[in-house]
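**Student:** Quick one: the structure is below, and I'll ask about it shortly.
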Amino acid sequence: MIVMKRTTVYLPEDMKARLEVEAARRQITESELIRRAVDNELQRRPRRGGIFRGDPNDGITGANLHEHMTGFGEWRH
């Protein structure tokens, strides 16, 4: 038997409506659909690549490179 823990998730109205429709279409509970989506997201492998790739929120990108390079190459006494 799988032990479940309850949690509360707040969704925007439009997302909740889409969740209801999709769960009904798949003939599963909304909770099951959410569990599957969370599990899928947690199993994704992080993207690898150069510093100019990926989501800007994932670290160094071309858009924020200057923030990470501040002081690089400067001579310090």
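Here, A, B, ... name the chains of the structure tokens in the order displayed, residue numbers run from 1 inside each chain, and ligands are numbered from 1 in the same displayed order.
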Could you pull the residues within 12 Å of Leu33 in chain A, counting only C-alpha atoms, minus those fewer than 6 positions along the same chain, as a PyMOL selection string?
**Tutor:** chain A and resi 16+18-27+39-40
**Student:** Interatomic distance between CA of Arg44 in chain A and CA of Ile28 in chain A?
**Tutor:**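 CA of Arg44 in chain A sits 22.9 Å away from CA of Ile28 in chain A.
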